[in-house]
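K.L.:
Structure: start_2.cif, mmCIF, C-alpha atoms.
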data_data
loop_
_atom_site.group_PDB
_atom_site.id
_atom_site.type_symbol
_atom_site.label_atom_id
_atom_site.label_comp_id
_atom_site.auth_asym_id
_atom_site.auth_seq_id
_atom_site.Cartn_x
_atom_site.Cartn_y
_atom_site.Cartn_z
ATOM 1 C CA MET A 1 64.437 150.050 108.438
ATOM 2 C CA ASP A 2 65.756 146.493 108.530
ATOM 3 C CA GLU A 3 69.099 145.163 109.790
ATOM 4 C CA PHE A 4 70.673 145.426 106.321
ATOM 5 C CA ASP A 5 69.916 149.171 106.211
ATOM 6 C CA VAL A 6 71.405 149.613 109.679
ATOM 7 C CA ASP A 7 74.509 147.656 108.660
ATOM 8 C CA ALA A 8 74.928 149.782 105.521
ATOM 9 C CA GLU A 9 74.571 153.033 107.477
ATOM 10 C CA LEU A 10 76.973 151.808 110.150
ATOM 11 C CA GLN A 11 79.520 150.804 107.499
ATOM 12 C CA GLN A 12 79.186 154.210 105.824
ATOM 13 C CA ALA A 13 79.785 155.981 109.159
ATOM 14 C CA LEU A 14 82.829 153.788 109.846
ATOM 15 C CA ASP A 15 84.201 154.518 106.364
ATOM 16 C CA ARG A 16 83.855 158.265 106.950
ATOM 17 C CA LEU A 17 85.609 158.027 110.321
ATOM 18 C CA ALA A 18 88.393 155.966 108.764
ATOM 19 C CA LEU A 19 88.803 158.583 106.023
ATOM 20 C CA LEU A 20 89.038 161.401 108.592
ATOM 21 C CA ALA A 21 91.568 159.405 110.631
ATOM 22 C CA GLU A 22 93.699 158.741 107.546
ATOM 23 C CA VAL A 23 93.591 162.419 106.532
ATOM 24 C CA THR A 24 94.508 163.522 110.056
ATOM 25 C CA LYS A 25 97.466 161.135 110.111
ATOM 26 C CA ALA A 26 98.702 162.340 106.711
ATOM 27 C CA LEU A 27 98.368 165.992 107.728
ATOM 28 C CA GLY A 28 100.171 165.417 111.013
ATOM 29 C CA SER A 29 103.154 163.832 109.315
ATOM 30 C CA THR A 30 104.394 167.007 107.572
ATOM 31 C CA LEU A 31 105.004 170.655 108.366
ATOM 32 C CA ASP A 32 104.857 171.613 104.691
ATOM 33 C CA ALA A 33 101.382 173.011 103.924
ATOM 34 C CA ASP A 34 101.519 172.214 100.190
ATOM 35 C CA GLU A 35 102.707 168.657 100.801
ATOM 36 C CA GLY A 36 99.911 168.157 103.332
ATOM 37 C CA LEU A 37 97.335 169.316 100.771
ATOM 38 C CA ARG A 38 98.767 166.987 98.118
ATOM 39 C CA ARG A 39 98.589 164.058 100.551
ATOM 40 C CA VAL A 40 94.956 164.816 101.350
ATOM 41 C CA CYS A 41 94.085 164.945 97.642
ATOM 42 C CA ARG A 42 95.660 161.515 97.140
ATOM 43 C CA ILE A 43 93.590 160.120 100.020
ATOM 44 C CA VAL A 44 90.191 161.591 99.131
ATOM 45 C CA VAL A 45 90.610 160.439 95.534
ATOM 46 C CA PRO A 46 89.291 157.724 95.152
ATOM 47 C CA GLN A 47 87.839 157.179 98.651
ATOM 48 C CA LEU A 48 85.452 160.154 98.607
ATOM 49 C CA ALA A 49 85.638 161.848 95.214
ATOM 50 C CA ASP A 50 86.627 161.224 91.609
ATOM 51 C CA TRP A 51 88.767 164.348 91.676
ATOM 52 C CA CYS A 52 89.880 166.980 94.146
ATOM 53 C CA ALA A 53 91.419 170.458 93.855
ATOM 54 C CA MET A 54 93.044 172.553 96.586
ATOM 55 C CA ASP A 55 93.368 176.333 96.273
ATOM 56 C CA LEU A 56 95.019 178.711 98.744
ATOM 57 C CA LEU A 57 94.597 182.470 98.985
ATOM 58 C CA GLU A 58 97.888 184.341 98.889
ATOM 59 C CA GLY A 59 98.116 188.021 99.713
ATOM 60 C CA GLY A 60 94.358 188.230 100.213
ATOM 61 C CA GLU A 61 93.323 188.211 96.537
ATOM 62 C CA GLN A 62 95.589 185.789 94.661
ATOM 63 C CA LEU A 63 94.335 182.214 94.426
ATOM 64 C CA ARG A 64 97.038 179.590 94.007
ATOM 65 C CA ARG A 65 96.041 176.118 92.900
ATOM 66 C CA VAL A 66 98.233 173.878 95.024
ATOM 67 C CA CYS A 67 97.134 170.543 93.614
ATOM 68 C CA VAL A 68 94.580 168.697 91.549
ATOM 69 C CA THR A 69 94.183 164.932 91.793
ATOM 70 C CA HIS A 70 92.028 162.750 89.548
ATOM 71 C CA ARG A 71 91.363 159.032 89.237
ATOM 72 C CA ASP A 72 92.905 159.320 85.762
ATOM 73 C CA PRO A 73 96.046 161.511 86.071
ATOM 74 C CA ALA A 74 96.306 161.827 82.259
ATOM 75 C CA LEU A 75 93.271 164.147 82.313
ATOM 76 C CA LEU A 76 95.076 166.714 84.474
ATOM 77 C CA HIS A 77 97.666 167.958 81.986
ATOM 78 C CA GLY A 78 97.887 171.757 82.265
ATOM 79 C CA LEU A 79 95.265 172.127 85.002
ATOM 80 C CA LEU A 80 97.691 173.118 87.776
ATOM 81 C CA GLU A 81 97.841 176.864 87.304
ATOM 82 C CA SER A 82 99.865 179.592 88.960
ATOM 83 C CA CYS A 83 98.354 182.434 90.990
ATOM 84 C CA LEU A 84 95.261 184.098 89.595
ATOM 85 C CA PRO A 85 93.302 186.996 91.086
ATOM 86 C CA VAL A 86 89.821 186.468 92.448
ATOM 87 C CA PRO A 87 87.825 189.300 90.846
ATOM 88 C CA ALA A 88 85.867 191.427 93.321
ATOM 89 C CA GLU A 89 82.803 191.123 91.073
ATOM 90 C CA ALA A 90 82.913 187.306 90.985
ATOM 91 C CA THR A 91 79.740 185.828 92.478
ATOM 92 C CA GLY A 92 80.066 182.135 91.693
ATOM 93 C CA PRO A 93 80.237 179.385 94.327
ATOM 94 C CA LEU A 94 84.042 179.398 94.620
ATOM 95 C CA ALA A 95 84.070 183.173 95.156
ATOM 96 C CA ARG A 96 81.246 182.858 97.723
ATOM 97 C CA VAL A 97 83.142 180.147 99.609
ATOM 98 C CA LEU A 98 86.302 182.271 99.619
ATOM 99 C CA ARG A 99 84.249 185.124 101.085
ATOM 100 C CA GLY A 100 82.969 182.965 103.940
ATOM 101 C CA ALA A 101 80.046 180.866 102.682
ATOM 102 C CA GLY A 102 80.037 177.143 102.522
ATOM 103 C CA PRO A 103 80.379 174.347 102.233
ATOM 104 C CA LEU A 104 78.304 174.451 99.066
ATOM 105 C CA LEU A 105 76.742 171.504 97.277
ATOM 106 C CA LEU A 106 76.465 171.756 93.496
ATOM 107 C CA ARG A 107 74.451 169.206 91.576
ATOM 108 C CA HIS A 108 74.688 168.666 87.825
ATOM 109 C CA ALA A 109 71.876 171.063 86.979
ATOM 110 C CA GLU A 110 73.403 173.724 89.250
ATOM 111 C CA LEU A 111 76.917 173.607 87.795
ATOM 112 C CA PRO A 112 77.340 176.977 86.074
ATOM 113 C CA VAL A 113 79.010 177.448 82.730
ATOM 114 C CA GLU A 114 80.701 180.672 83.812
ATOM 115 C CA GLN A 115 81.502 182.412 87.076
ATOM 116 C CA ASN A 116 80.699 186.147 86.488
ATOM 117 C CA GLY A 117 83.933 187.547 85.134
ATOM 118 C CA SER A 118 86.078 184.560 86.033
ATOM 119 C CA THR A 119 85.882 181.013 84.768
ATOM 120 C CA ARG A 120 88.398 179.919 87.431
ATOM 121 C CA GLY A 121 87.233 176.622 88.839
ATOM 122 C CA TRP A 122 84.396 176.144 86.366
ATOM 123 C CA ASP A 123 86.801 175.249 83.565
ATOM 124 C CA LEU A 124 87.974 172.431 85.805
ATOM 125 C CA LEU A 125 84.435 171.271 86.621
ATOM 126 C CA LYS A 126 83.550 171.290 82.921
ATOM 127 C CA GLU A 127 86.773 169.743 81.612
ATOM 128 C CA LEU A 128 86.720 166.912 84.127
ATOM 129 C CA ASP A 129 83.007 166.262 83.548
ATOM 130 C CA ALA A 130 81.745 166.803 87.098
ATOM 131 C CA ASP A 131 78.258 165.586 87.861
ATOM 132 C CA SER A 132 78.192 166.938 91.414
ATOM 133 C CA ALA A 133 80.631 168.874 93.556
ATOM 134 C CA VAL A 134 81.190 170.202 97.045
ATOM 135 C CA ILE A 135 83.257 173.332 97.603
ATOM 136 C CA ALA A 136 84.274 173.941 101.210
ATOM 137 C CA PRO A 137 86.269 176.783 102.734
ATOM 138 C CA LEU A 138 89.601 176.167 104.402
ATOM 139 C CA ARG A 139 89.007 178.301 107.480
ATOM 140 C CA ALA A 140 91.335 178.749 110.469
ATOM 141 C CA ARG A 141 91.510 181.474 113.096
ATOM 142 C CA ARG A 142 88.322 183.070 111.720
ATOM 143 C CA ARG A 143 89.691 183.646 108.228
ATOM 144 C CA VAL A 144 89.308 181.769 104.980
ATOM 145 C CA MET A 145 92.657 180.553 103.668
ATOM 146 C CA GLY A 146 91.405 178.802 100.555
ATOM 147 C CA ALA A 147 89.027 176.107 99.387
ATOM 148 C CA ILE A 148 88.794 172.425 98.647
ATOM 149 C CA THR A 149 86.724 171.281 95.675
ATOM 150 C CA LEU A 150 85.533 167.677 95.634
ATOM 151 C CA ALA A 151 83.756 166.326 92.576
ATOM 152 C CA ARG A 152 82.161 163.134 91.394
ATOM 153 C CA THR A 153 81.701 162.346 87.745
ATOM 154 C CA THR A 154 79.165 159.561 88.045
ATOM 155 C CA ARG A 155 75.429 160.093 88.214
ATOM 156 C CA GLU A 156 75.011 156.843 90.182
ATOM 157 C CA ARG A 157 76.684 158.284 93.286
ATOM 158 C CA PRO A 158 76.297 162.099 93.363
ATOM 159 C CA PHE A 159 77.180 164.177 96.394
ATOM 160 C CA GLY A 160 74.193 164.930 98.611
ATOM 161 C CA GLU A 161 73.317 167.003 101.663
ATOM 162 C CA GLU A 162 74.666 164.220 103.897
ATOM 163 C CA ASP A 163 78.165 164.826 102.470
ATOM 164 C CA LEU A 164 78.348 168.470 103.583
ATOM 165 C CA GLY A 165 79.166 167.610 107.207
ATOM 166 C CA LEU A 166 82.034 165.362 106.149
ATOM 167 C CA ALA A 167 83.349 168.026 103.756
ATOM 168 C CA GLU A 168 83.190 170.630 106.512
ATOM 169 C CA GLU A 169 85.076 168.430 108.988
ATOM 170 C CA LEU A 170 87.639 167.565 106.316
ATOM 171 C CA SER A 171 88.164 171.211 105.352
ATOM 172 C CA HIS A 172 88.507 172.213 109.023
ATOM 173 C CA ARG A 173 91.291 169.656 109.603
ATOM 174 C CA ILE A 174 93.064 170.715 106.412
ATOM 175 C CA ALA A 175 92.882 174.408 107.313
ATOM 176 C CA LEU A 176 94.302 173.829 110.799
ATOM 177 C CA GLN A 177 97.279 171.951 109.350
ATOM 178 C CA ALA A 178 97.885 174.552 106.651
ATOM 179 C CA ASP A 179 97.687 177.368 109.187
ATOM 180 C CA ASN A 180 100.044 175.565 111.599
ATOM 181 C CA ALA A 181 102.505 174.956 108.755
ATOM 182 C CA ARG A 182 102.421 178.659 107.808
ATOM 183 C CA LEU A 183 103.003 179.657 111.432
ATOM 184 C CA TYR A 184 105.902 177.196 111.699
ATOM 185 C CA GLN A 185 107.512 178.531 108.509
ATOM 186 C CA ALA A 186 107.142 182.120 109.766
ATOM 187 C CA VAL A 187 109.191 181.376 112.915
#
Please rewrite the model in this file as structure tokens.
P.N.:
Amino acid sequence: MDEFDVDAELQQALDRLALLAEVTKALGSTLDADEGLRRVCRIVVPQLADWCAMDLLEGGEQLRRVCVTHRDPALLHGLLESCLPVPAEATGPLARVLRGAGPLLLRHAELPVEQNGSTRGWDLLKELDADSAVIAPLRARRRVMGAITLARTTRERPFGEEDLGLAEELSHRIALQADNARLYQAV
């Protein structure tokens, strides 16, 4: 490893820390959970991903898509859906994450066409031409509140194993803010 490799790795680490700091600042500036999620989407696109989706579980089984952000907003027409159930028989990555797994890395060859009984999430991956994706649970107080989906559309810079730690830290910060906002609104 030469000094240029060290400089590149150091710069990458600094960029990740700067992203986390920016997300934390954006989350801390609102008590509205949905607004916080929208702000995070606008930050991670384009800094980390080509597009990002945030889904929250409501009433235990209903999944509400809070926001979807893409580098090209014209591609998003009609992709922000209302509440949809998460079928008990669903076994795809999004369903697994919502049941406690994750974060999960999906590479191009692993992106499924259908999610056993529910195409929720996979329509988005297909329509927006994802090449790789990371789905991470939004977990606070030992329960999963939803999921964040990050995707890249370019084969030159796919997500890799090294991105899972960043996705997990990002999802943890998001979940804490969303949970705090829900607690505040309940008072």
K.L.:
CA of Trp51 (chain A) to CA of Ala90 (chain A): how many Å, to one decimal?
P.N.:
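Interatomic distance here is 23.7 Å.
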K.L.:
At a cut-off of 6 Å, using all atoms listed in the file, what residues contact region 132-145 of chain A? Leave out same-chain residues fewer than 4 positions from it and give the result as a list of chain:residue names.
P.N.:
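Listed by chain and then number, they are A:Leu56, A:Leu57, A:Val97, A:Gly102, A:Pro103, A:Leu104, A:Leu105, A:Leu106, A:Arg107, A:His108, A:Thr149, A:Leu150, A:Ala151, A:Arg152, A:Pro158, A:Phe159, A:Ser171, A:Ala175, A:Leu176.
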K.L.:
Could you check the closest approach to Asp131 (chain A) for each of A:Cys67, A:Ala95, A:Ala49, A:Ala147 and tell me which residue wins, using all atoms listed in the file?
P.N.:
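Smallest separation from Asp131 (chain A) among the options: A:Ala49.
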K.L.:
Taking all atoms listed in the file into account, name the residue in A:Ala167, A:Val44, A:Ala101, A:Leu31 that is nearest to Leu19 (chain A).
P.N.:
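Once distances to Leu19 (chain A) are computed over all atoms listed in the file, the minimum belongs to A:Val44.
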K.L.:
Pick from A:Leu125, A:Met54, A:Leu94, A:Leu10: nearest to Gly36 (chain A), with all atoms listed in the file counted?
P.N.:
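Under the stated criterion, the closest residue is A:Met54.
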K.L.:
Using CA of Arg38 (chain A) and CA of Ala13 (chain A) as the two end points, give the distance in Å to one decimal.
P.N.:
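CA of Ala13 (chain A) lies 24.6 Å from CA of Arg38 (chain A).
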K.L.:
So that I can check the surroundings of Leu170 (chain A), please list as a list in words every protein, DNA and RNA residue that reaches within 8 Å of it, counting all atoms listed in the file and ignoring chain neighbours fewer than 4 positions away.
P.N.:
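Final neighbour list, sorted by chain and number: Leu20, Val23, Leu166 and Ile174 of chain A.
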K.L.:
Could you state the separation of CA of Ala181 (chain A) and CA of Thr30 (chain A) in Å, given to one decimal place?
P.N.:
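Answer for the CA of Ala181 (chain A) to CA of Thr30 (chain A) separation: 8.3 Å.
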K.L.:
With only C-alpha atoms as the atoms that count, which of A:Asp34, A:Asp15, A:Asp179, A:Asp7 lies nearest to Arg64 (chain A)?
P.N.:
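Residue with the minimum atom-to-atom distance to Arg64 (chain A): A:Asp34.
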K.L.:
Listed atoms of region 56-69 of chain A, axis-aligned box, 6 Å per side: centre and edge lengths to one decimal in Å, as lines of an AutoDock Vina configuration file?
P.N.:
center_x = 95.8
center_y = 176.6
center_z = 95.9
size_x = 16.9
size_y = 35.3
size_z = 20.7
K.L.:
Considering all atoms listed in the file, state which residue in the set A:Arg65, A:Arg39, A:Arg16, A:His70 is at the smallest distance from Glu169 (chain A).
P.N.:
A:Arg16
